[in-house]
Amino acid sequence: MKIILLGAPGSGKGTLAKNIIKDFSLAHISTGDLFRECIKSGSELGEKLKSIIESGALVPDEVTIEIVKERLDKDDCKNGFILDGFPRTINQAKELEKISHIDTVILVDLSKEIIIERLSARRTCLKCGSTYNFKDVPNGKCLNCNEELIQRDDDKPLTIQNRLEVYEKNTAPLIDFYGDKVVKFSSKGTVEETYRPVKSFLKKLEANIE
Ligand code: ADP
Ligand code: ZN
C-alpha cells in the first residue's frame, strides 16, 4: 500500500503514522523528521533548513523532492510506504506522480483551535521523533529512550500561526487535487479513537489491493 497522510501541522499525522506501522509493514517517511536529521548532522544544508523551518516556511520543492526520491529508492519502501508531511504543494504532488502511484490519501481533520492547543503543548524527542503533551510527561523525558524532550522552535506561538497559514495556502489545495482518493478521518478523540477507523479502512484496502 502506498499512502499519503494529509492534514494541517499538528493534526496528528505523525502519531497516526506510528500506529499504522505497528500493524502494517510499511515504511514511514516523514519529511519533517528527514529534515530534522539533516539539521542534527550540522551540514551546510542543515543550517539552511534550520532557519527555514524555524520561520514556519516550506523548504524549497527541489530540496524536498530530492530527499523524498532518495528515500523512496530504499529497499524498505518496496512493500509500500506512508508519506507523512509530503507532498505539501501541488508541485510536489505532480513530481510524486512521476515516480509513484498512490493508493489512498488519508486526510487527518482537526479544528484550528485544537491544533493550536496541541502544538503549544507538544514536546518532541529529537532522538526517536516521539511527541508528547507536556502534561503527560512530568519528568520531561522520552518514554522510549529517556532522552530530554524539547519544544521545537516551530511549535512556538508565532511560528504556529505562520505554519497554519502556509498550510491553508499551499497544502490544503491538495485535497481537491487528489479528489476521490481522499478519505477523511477526524483526530479529535484520543490516539486510539483516531486510529481505530483508519485501521479498519486500511485492512479493507489492503485486502482489495492483494
Ligand atoms: P508538522 O507536520 O507538525 O508541521 P513536520 O515535522 O511535518 O511538522 O514539518 C516541519 C517543517 O519541515 C515544516 O514546517 C516545513 O518547514 C518543513 N517541511 C516538512 N515537510 C515539507 C515538505 N513536504 N515541503 C516543504 N517543507 C517541508
Ligand atoms: Zn525518544
# chains A, B, ... in the order shown; residues from 1 in each chain; ligands from 1
$ residues_near_ligand --ligand "ligand 1" --cutoff "8 Å" --atoms "only C-alpha atoms and all ligand atoms" --output "PyMOL selection string"
chain A and resi 7-14+30-33+35-36+49+52-61+64-65+84-89+92+119+154-155+163
$ write_last_selection --atoms "N, CA and C atoms" --output "compact mmCIF listing (two decimals), in the first residue's frame"
# COMPACT_ATOMS: atom_id res chain seq x y z
N GLY A 7 -2.89 16.72 6.07
CA GLY A 7 -3.53 17.40 7.19
C GLY A 7 -2.65 18.53 7.67
N ALA A 8 -3.25 19.44 8.41
CA ALA A 8 -2.52 20.61 8.89
C ALA A 8 -1.42 20.17 9.85
N PRO A 9 -0.42 21.04 10.06
CA PRO A 9 0.57 20.74 11.08
C PRO A 9 -0.14 20.60 12.42
N GLY A 10 0.25 19.58 13.17
CA GLY A 10 -0.37 19.38 14.49
C GLY A 10 -1.68 18.63 14.45
N SER A 11 -2.10 18.19 13.26
CA SER A 11 -3.37 17.46 13.18
C SER A 11 -3.22 16.02 13.64
N GLY A 12 -1.99 15.57 13.78
CA GLY A 12 -1.78 14.22 14.30
C GLY A 12 -1.31 13.20 13.27
N LYS A 13 -0.73 13.67 12.18
CA LYS A 13 -0.25 12.75 11.14
C LYS A 13 0.85 11.81 11.66
N GLY A 14 1.80 12.38 12.37
CA GLY A 14 2.94 11.59 12.84
C GLY A 14 2.50 10.49 13.80
N SER A 30 8.69 10.60 6.96
CA SER A 30 8.29 11.92 7.42
C SER A 30 9.33 12.92 6.95
N THR A 31 8.91 13.82 6.08
CA THR A 31 9.89 14.80 5.58
C THR A 31 10.39 15.69 6.72
N GLY A 32 9.51 16.01 7.68
CA GLY A 32 9.94 16.80 8.83
C GLY A 32 11.07 16.09 9.58
N ASP A 33 10.90 14.77 9.82
CA ASP A 33 11.95 14.00 10.50
C ASP A 33 13.23 13.96 9.67
N PHE A 35 14.28 16.17 7.57
CA PHE A 35 14.93 17.48 7.66
C PHE A 35 15.59 17.67 9.02
N ARG A 36 14.91 17.24 10.08
CA ARG A 36 15.50 17.41 11.42
C ARG A 36 16.77 16.58 11.57
N LEU A 49 18.27 24.66 6.29
CA LEU A 49 16.96 24.09 6.64
C LEU A 49 16.49 24.61 7.99
N ILE A 52 14.86 28.04 7.78
CA ILE A 52 13.58 27.98 7.06
C ILE A 52 12.50 27.39 7.98
N ILE A 53 12.83 26.26 8.60
CA ILE A 53 11.84 25.54 9.40
C ILE A 53 11.45 26.36 10.64
N GLU A 54 12.43 27.01 11.25
CA GLU A 54 12.11 27.84 12.42
C GLU A 54 11.13 28.96 12.08
N SER A 55 11.17 29.42 10.85
CA SER A 55 10.28 30.51 10.47
C SER A 55 8.87 30.01 10.14
N GLY A 56 8.76 28.70 9.95
CA GLY A 56 7.45 28.13 9.62
C GLY A 56 7.19 28.06 8.12
N ALA A 57 8.17 28.50 7.33
CA ALA A 57 8.02 28.44 5.87
C ALA A 57 8.28 27.02 5.37
N LEU A 58 8.03 26.80 4.08
CA LEU A 58 8.29 25.49 3.50
C LEU A 58 9.71 25.43 2.95
N VAL A 59 10.31 24.28 3.04
CA VAL A 59 11.60 24.03 2.41
C VAL A 59 11.36 24.04 0.89
N PRO A 60 12.28 24.59 0.10
CA PRO A 60 12.05 24.66 -1.35
C PRO A 60 11.74 23.28 -1.95
N ASP A 61 10.86 23.26 -2.93
CA ASP A 61 10.44 22.00 -3.55
C ASP A 61 11.61 21.16 -4.05
N THR A 64 13.20 19.31 -1.20
CA THR A 64 12.27 18.35 -0.63
C THR A 64 12.10 17.14 -1.54
N ILE A 65 11.88 17.40 -2.81
CA ILE A 65 11.63 16.32 -3.76
C ILE A 65 12.85 15.40 -3.86
N ASP A 84 4.31 11.12 5.23
CA ASP A 84 3.80 11.95 6.33
C ASP A 84 4.45 13.33 6.20
N GLY A 85 3.67 14.29 5.70
CA GLY A 85 4.24 15.63 5.51
C GLY A 85 4.71 15.88 4.09
N PHE A 86 4.43 14.96 3.22
CA PHE A 86 4.76 15.11 1.79
C PHE A 86 3.67 14.43 0.99
N PRO A 87 3.20 14.99 -0.13
CA PRO A 87 3.52 16.33 -0.63
C PRO A 87 2.83 17.44 0.18
N ARG A 88 3.41 18.63 0.10
CA ARG A 88 2.85 19.80 0.78
C ARG A 88 2.54 20.91 -0.21
N THR A 89 2.84 20.69 -1.47
CA THR A 89 2.49 21.66 -2.51
C THR A 89 2.01 20.88 -3.73
N GLN A 92 4.92 19.49 -5.64
CA GLN A 92 5.47 18.25 -5.07
C GLN A 92 4.58 17.06 -5.45
N LEU A 119 -0.37 21.89 19.54
CA LEU A 119 1.01 22.22 19.15
C LEU A 119 1.74 22.97 20.26
N ASP A 154 9.65 25.56 16.02
CA ASP A 154 8.48 25.84 15.19
C ASP A 154 7.17 25.48 15.89
N ASP A 155 7.22 25.04 17.13
CA ASP A 155 6.00 24.84 17.91
C ASP A 155 5.73 26.03 18.83
N ARG A 163 2.74 28.64 10.19
CA ARG A 163 2.62 27.30 9.58
C ARG A 163 1.19 27.01 9.16
$ closest_atom_pairs --of "chain A" --to "ligand 2" --cutoff "9 Å" --atoms "only C-alpha atoms and all ligand atoms" --output "JSON lines"
{"residue": "A:Thr124", "atom": "CA", "partner": "ligand 2", "partner_atom_place_in_ligand_line": "1 (Zn)", "distance": 8.0}
{"residue": "A:Cys125", "atom": "CA", "partner": "ligand 2", "partner_atom_place_in_ligand_line": "1 (Zn)", "distance": 4.7}
{"residue": "A:Leu126", "atom": "CA", "partner": "ligand 2", "partner_atom_place_in_ligand_line": "1 (Zn)", "distance": 6.7}
{"residue": "A:Lys127", "atom": "CA", "partner": "ligand 2", "partner_atom_place_in_ligand_line": "1 (Zn)", "distance": 5.1}
{"residue": "A:Cys128", "atom": "CA", "partner": "ligand 2", "partner_atom_place_in_ligand_line": "1 (Zn)", "distance": 4.1}
{"residue": "A:Gly129", "atom": "CA", "partner": "ligand 2", "partner_atom_place_in_ligand_line": "1 (Zn)", "distance": 6.1}
{"residue": "A:Ser130", "atom": "CA", "partner": "ligand 2", "partner_atom_place_in_ligand_line": "1 (Zn)", "distance": 5.6}
{"residue": "A:Thr131", "atom": "CA", "partner": "ligand 2", "partner_atom_place_in_ligand_line": "1 (Zn)", "distance": 8.3}
{"residue": "A:Lys141", "atom": "CA", "partner": "ligand 2", "partner_atom_place_in_ligand_line": "1 (Zn)", "distance": 8.0}
{"residue": "A:Cys142", "atom": "CA", "partner": "ligand 2", "partner_atom_place_in_ligand_line": "1 (Zn)", "distance": 4.7}
{"residue": "A:Leu143", "atom": "CA", "partner": "ligand 2", "partner_atom_place_in_ligand_line": "1 (Zn)", "distance": 6.6}
{"residue": "A:Asn144", "atom": "CA", "partner": "ligand 2", "partner_atom_place_in_ligand_line": "1 (Zn)", "distance": 4.9}
{"residue": "A:Cys145", "atom": "CA", "partner": "ligand 2", "partner_atom_place_in_ligand_line": "1 (Zn)", "distance": 4.4}
{"residue": "A:Asn146", "atom": "CA", "partner": "ligand 2", "partner_atom_place_in_ligand_line": "1 (Zn)", "distance": 6.4}
{"residue": "A:Glu147", "atom": "CA", "partner": "ligand 2", "partner_atom_place_in_ligand_line": "1 (Zn)", "distance": 5.6}
{"residue": "A:Glu148", "atom": "CA", "partner": "ligand 2", "partner_atom_place_in_ligand_line": "1 (Zn)", "distance": 8.1}
{"residue": "A:Leu149", "atom": "CA", "partner": "ligand 2", "partner_atom_place_in_ligand_line": "1 (Zn)", "distance": 7.9}
$ write_last_selection --atoms "N, CA, C and O atoms" --output "mmCIF file, in the first residue's frame"
data_model
loop_
_atom_site.group_PDB
_atom_site.id
_atom_site.type_symbol
_atom_site.label_atom_id
_atom_site.label_comp_id
_atom_site.auth_asym_id
_atom_site.auth_seq_id
_atom_site.Cartn_x
_atom_site.Cartn_y
_atom_site.Cartn_z
ATOM 1 N N THR A 124 8.866 17.212 21.960
ATOM 2 C CA THR A 124 9.384 16.256 20.982
ATOM 3 C C THR A 124 10.691 15.638 21.448
ATOM 4 O O THR A 124 11.529 16.318 22.044
ATOM 5 N N CYS A 125 10.853 14.357 21.162
ATOM 6 C CA CYS A 125 12.140 13.695 21.389
ATOM 7 C C CYS A 125 12.913 13.756 20.078
ATOM 8 O O CYS A 125 12.469 13.208 19.067
ATOM 9 N N LEU A 126 14.048 14.430 20.108
ATOM 10 C CA LEU A 126 14.794 14.591 18.856
ATOM 11 C C LEU A 126 15.519 13.302 18.483
ATOM 12 O O LEU A 126 16.002 13.160 17.366
ATOM 13 N N LYS A 127 15.595 12.354 19.423
ATOM 14 C CA LYS A 127 16.282 11.105 19.104
ATOM 15 C C LYS A 127 15.377 10.161 18.319
ATOM 16 O O LYS A 127 15.741 9.671 17.259
ATOM 17 N N CYS A 128 14.156 9.907 18.826
ATOM 18 C CA CYS A 128 13.295 8.916 18.162
ATOM 19 C C CYS A 128 12.083 9.555 17.493
ATOM 20 O O CYS A 128 11.312 8.861 16.830
ATOM 21 N N GLY A 129 11.893 10.849 17.651
ATOM 22 C CA GLY A 129 10.797 11.515 16.959
ATOM 23 C C GLY A 129 9.456 11.440 17.689
ATOM 24 O O GLY A 129 8.468 11.993 17.211
ATOM 25 N N SER A 130 9.402 10.763 18.834
ATOM 26 C CA SER A 130 8.133 10.668 19.566
ATOM 27 C C SER A 130 7.701 12.048 20.039
ATOM 28 O O SER A 130 8.529 12.891 20.361
ATOM 29 N N THR A 131 6.368 12.239 20.075
ATOM 30 C CA THR A 131 5.858 13.507 20.580
ATOM 31 C C THR A 131 4.902 13.250 21.743
ATOM 32 O O THR A 131 4.254 12.204 21.803
ATOM 33 N N LYS A 141 11.063 13.591 30.029
ATOM 34 C CA LYS A 141 11.939 12.665 29.299
ATOM 35 C C LYS A 141 11.123 11.714 28.425
ATOM 36 O O LYS A 141 9.994 11.353 28.753
ATOM 37 N N CYS A 142 11.725 11.299 27.306
ATOM 38 C CA CYS A 142 11.054 10.405 26.369
ATOM 39 C C CYS A 142 10.802 9.035 26.998
ATOM 40 O O CYS A 142 11.698 8.465 27.612
ATOM 41 N N LEU A 143 9.581 8.502 26.825
ATOM 42 C CA LEU A 143 9.247 7.208 27.410
ATOM 43 C C LEU A 143 9.934 6.063 26.666
ATOM 44 O O LEU A 143 10.079 4.969 27.197
ATOM 45 N N ASN A 144 10.370 6.306 25.430
ATOM 46 C CA ASN A 144 11.076 5.261 24.675
ATOM 47 C C ASN A 144 12.555 5.226 25.001
ATOM 48 O O ASN A 144 13.140 4.179 25.183
ATOM 49 N N CYS A 145 13.185 6.409 25.007
ATOM 50 C CA CYS A 145 14.652 6.393 25.077
ATOM 51 C C CYS A 145 15.211 7.285 26.177
ATOM 52 O O CYS A 145 16.421 7.485 26.222
ATOM 53 N N ASN A 146 14.331 7.802 27.044
ATOM 54 C CA ASN A 146 14.791 8.572 28.203
ATOM 55 C C ASN A 146 15.546 9.856 27.848
ATOM 56 O O ASN A 146 16.182 10.462 28.688
ATOM 57 N N GLU A 147 15.466 10.221 26.589
ATOM 58 C CA GLU A 147 16.117 11.448 26.125
ATOM 59 C C GLU A 147 15.299 12.662 26.616
ATOM 60 O O GLU A 147 14.080 12.586 26.745
ATOM 61 N N GLU A 148 15.987 13.786 26.855
ATOM 62 C CA GLU A 148 15.322 15.029 27.256
ATOM 63 C C GLU A 148 14.392 15.502 26.134
ATOM 64 O O GLU A 148 14.803 15.585 24.975
ATOM 65 N N LEU A 149 13.134 15.826 26.462
ATOM 66 C CA LEU A 149 12.197 16.325 25.444
ATOM 67 C C LEU A 149 12.368 17.823 25.271
ATOM 68 O O LEU A 149 12.677 18.529 26.226
#
$ select_by_dssp --residues "stretch 74-127 of chain A" --states "helix (DSSP H, G or I)" --output "ChimeraX atom specification"
/A:75-77,90-99,112-121
$ residues_around --residues "A:Phe177" --least-positions-apart "3" --cutoff "12 Å" --atoms "only C-alpha atoms" --output "PyMOL selection string"
chain A and resi 6+87-94+97+105+170-174+180-182
$ write_last_selection --atoms "all heavy atoms" --output "CSV table (one decimal), in the first residue's frame"
chain,number,residue,atom,x,y,z
A,6,LEU,N,-2.4,13.4,4.8
A,6,LEU,CA,-2.6,14.9,4.5
A,6,LEU,C,-3.3,15.5,5.7
A,6,LEU,O,-4.1,14.9,6.4
A,6,LEU,CB,-3.4,15.0,3.3
A,6,LEU,CG,-3.5,16.4,2.6
A,6,LEU,CD1,-2.2,16.8,2.1
A,6,LEU,CD2,-4.5,16.3,1.4
A,87,PRO,N,3.2,15.0,-0.1
A,87,PRO,CA,3.5,16.3,-0.6
A,87,PRO,C,2.8,17.4,0.2
A,87,PRO,O,1.8,17.2,0.8
A,87,PRO,CB,3.0,16.3,-2.1
A,87,PRO,CG,1.9,15.3,-2.0
A,87,PRO,CD,2.3,14.3,-1.0
A,88,ARG,N,3.4,18.6,0.1
A,88,ARG,CA,2.8,19.8,0.8
A,88,ARG,C,2.5,20.9,-0.2
A,88,ARG,O,2.1,22.0,0.2
A,88,ARG,CB,3.8,20.3,1.8
A,88,ARG,CG,3.5,20.0,3.3
A,88,ARG,CD,4.6,20.6,4.1
A,88,ARG,NE,4.3,20.8,5.5
A,88,ARG,CZ,4.6,19.9,6.4
A,88,ARG,NH1,5.0,18.7,6.1
A,88,ARG,NH2,4.3,20.2,7.7
A,89,THR,N,2.8,20.7,-1.5
A,89,THR,CA,2.5,21.7,-2.5
A,89,THR,C,2.0,20.9,-3.7
A,89,THR,O,2.3,19.7,-3.9
A,89,THR,CB,3.7,22.5,-2.9
A,89,THR,OG1,4.7,21.6,-3.5
A,89,THR,CG2,4.4,23.2,-1.8
A,90,ILE,N,1.3,21.6,-4.6
A,90,ILE,CA,0.8,20.9,-5.8
A,90,ILE,C,2.0,20.5,-6.7
A,90,ILE,O,2.0,19.4,-7.2
A,90,ILE,CB,-0.1,21.9,-6.7
A,90,ILE,CG1,-1.3,22.3,-5.9
A,90,ILE,CG2,-0.4,21.4,-8.0
A,90,ILE,CD1,-2.5,21.4,-6.0
A,91,ASN,N,3.0,21.3,-6.7
A,91,ASN,CA,4.2,20.9,-7.5
A,91,ASN,C,4.8,19.6,-7.0
A,91,ASN,O,5.2,18.7,-7.7
A,91,ASN,CB,5.2,22.1,-7.4
A,91,ASN,CG,6.4,21.9,-8.3
A,91,ASN,OD1,6.3,21.2,-9.3
A,91,ASN,ND2,7.5,22.5,-7.9
A,92,GLN,N,4.9,19.5,-5.6
A,92,GLN,CA,5.5,18.2,-5.1
A,92,GLN,C,4.6,17.1,-5.5
A,92,GLN,O,5.1,16.0,-5.8
A,92,GLN,CB,5.6,18.3,-3.5
A,92,GLN,CG,6.6,19.3,-3.0
A,92,GLN,CD,6.6,19.4,-1.5
A,92,GLN,OE1,6.0,18.7,-0.8
A,92,GLN,NE2,7.4,20.4,-1.0
A,93,ALA,N,3.3,17.3,-5.4
A,93,ALA,CA,2.3,16.2,-5.8
A,93,ALA,C,2.5,15.7,-7.2
A,93,ALA,O,2.5,14.6,-7.6
A,93,ALA,CB,0.9,16.6,-5.5
A,94,LYS,N,2.8,16.7,-8.1
A,94,LYS,CA,3.0,16.4,-9.5
A,94,LYS,C,4.3,15.6,-9.7
A,94,LYS,O,4.3,14.7,-10.5
A,94,LYS,CB,2.9,17.7,-10.4
A,94,LYS,CG,1.5,18.3,-10.5
A,94,LYS,CD,1.5,19.4,-11.4
A,94,LYS,CE,0.1,19.9,-11.6
A,94,LYS,NZ,0.1,21.3,-12.1
A,97,GLU,N,3.8,12.0,-8.7
A,97,GLU,CA,3.0,11.2,-9.7
A,97,GLU,C,4.0,10.6,-10.7
A,97,GLU,O,3.7,9.6,-11.3
A,97,GLU,CB,2.0,12.1,-10.4
A,97,GLU,CG,0.8,12.4,-9.5
A,97,GLU,CD,-0.4,12.8,-10.2
A,97,GLU,OE1,-0.3,13.6,-11.2
A,97,GLU,OE2,-1.6,12.5,-9.8
A,105,VAL,N,-5.3,8.7,0.0
A,105,VAL,CA,-4.9,9.8,0.7
A,105,VAL,C,-5.8,10.0,2.0
A,105,VAL,O,-7.0,10.1,1.9
A,105,VAL,CB,-5.1,11.1,-0.1
A,105,VAL,CG1,-4.6,12.4,0.6
A,105,VAL,CG2,-4.2,11.0,-1.4
A,170,ASN,N,-0.8,26.6,0.7
A,170,ASN,CA,-0.1,25.7,-0.2
A,170,ASN,C,-0.5,24.3,-0.2
A,170,ASN,O,-0.5,23.6,-1.2
A,170,ASN,CB,1.4,25.8,0.2
A,170,ASN,CG,2.0,27.1,0.0
A,170,ASN,OD1,2.3,27.5,-1.1
A,170,ASN,ND2,2.2,27.8,1.1
A,171,THR,N,-0.9,23.8,1.0
A,171,THR,CA,-1.2,22.4,1.1
A,171,THR,C,-2.7,22.0,1.0
A,171,THR,O,-3.0,21.0,0.4
A,171,THR,CB,-0.6,21.9,2.5
A,171,THR,OG1,0.7,22.3,2.6
A,171,THR,CG2,-0.6,20.4,2.5
A,172,ALA,N,-3.6,22.8,1.6
A,172,ALA,CA,-5.0,22.5,1.5
A,172,ALA,C,-5.5,22.3,0.1
A,172,ALA,O,-6.3,21.4,-0.1
A,172,ALA,CB,-5.8,23.6,2.3
A,173,PRO,N,-5.0,23.0,-0.9
A,173,PRO,CA,-5.4,22.7,-2.3
A,173,PRO,C,-5.2,21.3,-2.8
A,173,PRO,O,-5.8,20.8,-3.7
A,173,PRO,CB,-4.6,23.7,-3.1
A,173,PRO,CG,-4.3,24.8,-2.2
A,173,PRO,CD,-4.1,24.2,-0.8
A,174,LEU,N,-4.3,20.5,-2.0
A,174,LEU,CA,-4.1,19.1,-2.4
A,174,LEU,C,-5.3,18.3,-2.2
A,174,LEU,O,-5.5,17.2,-2.8
A,174,LEU,CB,-2.9,18.6,-1.6
A,174,LEU,CG,-1.5,19.1,-2.0
A,174,LEU,CD1,-0.5,18.5,-1.0
A,174,LEU,CD2,-1.2,18.7,-3.4
A,180,ASP,N,-11.2,12.0,-5.4
A,180,ASP,CA,-11.8,10.8,-4.9
A,180,ASP,C,-10.9,10.0,-4.1
A,180,ASP,O,-11.3,9.1,-3.4
A,180,ASP,CB,-12.2,10.0,-6.1
A,180,ASP,CG,-13.4,10.6,-6.8
A,180,ASP,OD1,-14.0,11.5,-6.2
A,180,ASP,OD2,-13.8,10.2,-7.9
A,181,LYS,N,-9.6,10.2,-4.2
A,181,LYS,CA,-8.6,9.4,-3.4
A,181,LYS,C,-8.6,9.7,-1.9
A,181,LYS,O,-8.1,9.0,-1.1
A,181,LYS,CB,-7.2,9.6,-4.0
A,181,LYS,CG,-6.9,8.6,-5.1
A,181,LYS,CD,-5.4,8.5,-5.4
A,181,LYS,CE,-5.3,7.7,-6.6
A,181,LYS,NZ,-4.0,7.8,-7.2
A,182,VAL,N,-9.2,10.9,-1.6
A,182,VAL,CA,-9.2,11.4,-0.3
A,182,VAL,C,-10.2,10.8,0.6
A,182,VAL,O,-11.4,10.7,0.3
A,182,VAL,CB,-9.3,12.9,-0.2
A,182,VAL,CG1,-9.3,13.5,1.2
A,182,VAL,CG2,-8.2,13.6,-1.1
$ residues_around --residues "A:Asn79" --least-positions-apart "4" --cutoff "8 Å" --atoms "only C-alpha atoms" --output "list of chain:residue names"
A:Met1, A:Ser25, A:Leu26, A:Ala27
$ select_by_dssp --residues "stretch 9-163 of chain A" --states "strand (DSSP E or B)" --output "list in words"
Ala27, His28, Ile29, Ser30, Phe81, Ile82, Leu83, Asp84, Thr104, Val105, Ile106, Leu107, Val108, Asp109, Arg122, Arg123, Thr124, Thr131, Tyr132, Asn133, Lys141, Glu148 and Ile150 of chain A
$ closest_residue --among "A:Val198, A:Val166, A:Ala207, A:Ile106" --to "A:Gly179" --atoms "only C-alpha atoms"
A:Ile106
$ closest_residue --among "A:Lys204, A:His101, A:Lys48, A:Lys199" --to "A:Asp23" --atoms "only C-alpha atoms"
A:Lys199
$ atom_distance --atom1 "atom CA of A:Phe134" --atom2 "atom CA of A:Glu168"
27.0 Å
$ closest_residue --among "A:Arg118, A:Lys74, A:Lys98, A:Lys69" --to "A:Asn133" --atoms "only C-alpha atoms"
A:Arg118
$ closest_atom_pairs --of "stretch 150-182 of chain A" --to "stretch 109-116 of chain A" --cutoff "9 Å" --atoms "only C-alpha atoms" --output "JSON lines"
{"residue": "A:Pro157", "atom": "CA", "partner": "A:Ile116", "partner_atom": "CA", "distance": 8.1}
{"residue": "A:Ile160", "atom": "CA", "partner": "A:Ile116", "partner_atom": "CA", "distance": 7.1}
{"residue": "A:Gln161", "atom": "CA", "partner": "A:Ile116", "partner_atom": "CA", "distance": 8.2}
{"residue": "A:Leu164", "atom": "CA", "partner": "A:Lys112", "partner_atom": "CA", "distance": 8.2}
$ write_last_selection --atoms "N, CA, C and O atoms" --output "PDB file, in the first residue's frame"
ATOM      1  N   PRO A 157       4.383  29.950  19.538  1.00  0.00           N
ATOM      2  CA  PRO A 157       3.144  30.566  19.028  1.00  0.00           C
ATOM      3  C   PRO A 157       3.239  31.304  17.691  1.00  0.00           C
ATOM      4  O   PRO A 157       2.417  31.083  16.803  1.00  0.00           O
ATOM      5  N   ILE A 160       3.675  28.851  14.827  1.00  0.00           N
ATOM      6  CA  ILE A 160       2.476  28.024  14.617  1.00  0.00           C
ATOM      7  C   ILE A 160       1.502  28.748  13.689  1.00  0.00           C
ATOM      8  O   ILE A 160       0.994  28.187  12.718  1.00  0.00           O
ATOM      9  N   GLN A 161       1.268  30.027  13.983  1.00  0.00           N
ATOM     10  CA  GLN A 161       0.364  30.830  13.176  1.00  0.00           C
ATOM     11  C   GLN A 161       0.791  30.825  11.707  1.00  0.00           C
ATOM     12  O   GLN A 161      -0.012  30.598  10.806  1.00  0.00           O
ATOM     13  N   LEU A 164       0.213  27.475   9.979  1.00  0.00           N
ATOM     14  CA  LEU A 164      -1.182  27.219   9.625  1.00  0.00           C
ATOM     15  C   LEU A 164      -1.571  27.995   8.368  1.00  0.00           C
ATOM     16  O   LEU A 164      -2.316  27.504   7.523  1.00  0.00           O
TER      17      LEU A 164
END
$ closest_residue --among "A:Ile3, A:Leu107, A:Pro197, A:Ile82" --to "A:Asp176" --atoms "only C-alpha atoms"
A:Leu107
$ atom_distance --atom1 "atom CA of A:Lys2" --atom2 "atom CA of A:Thr190"
25.1 Å
$ closest_residue --among "A:Leu34, A:Leu16, A:Ile209, A:Ile39" --to "A:Val68" --atoms "only C-alpha atoms"
A:Leu34
$ atom_distance --atom1 "atom CA of A:Leu83" --atom2 "atom CA of A:His28"
6.5 Å
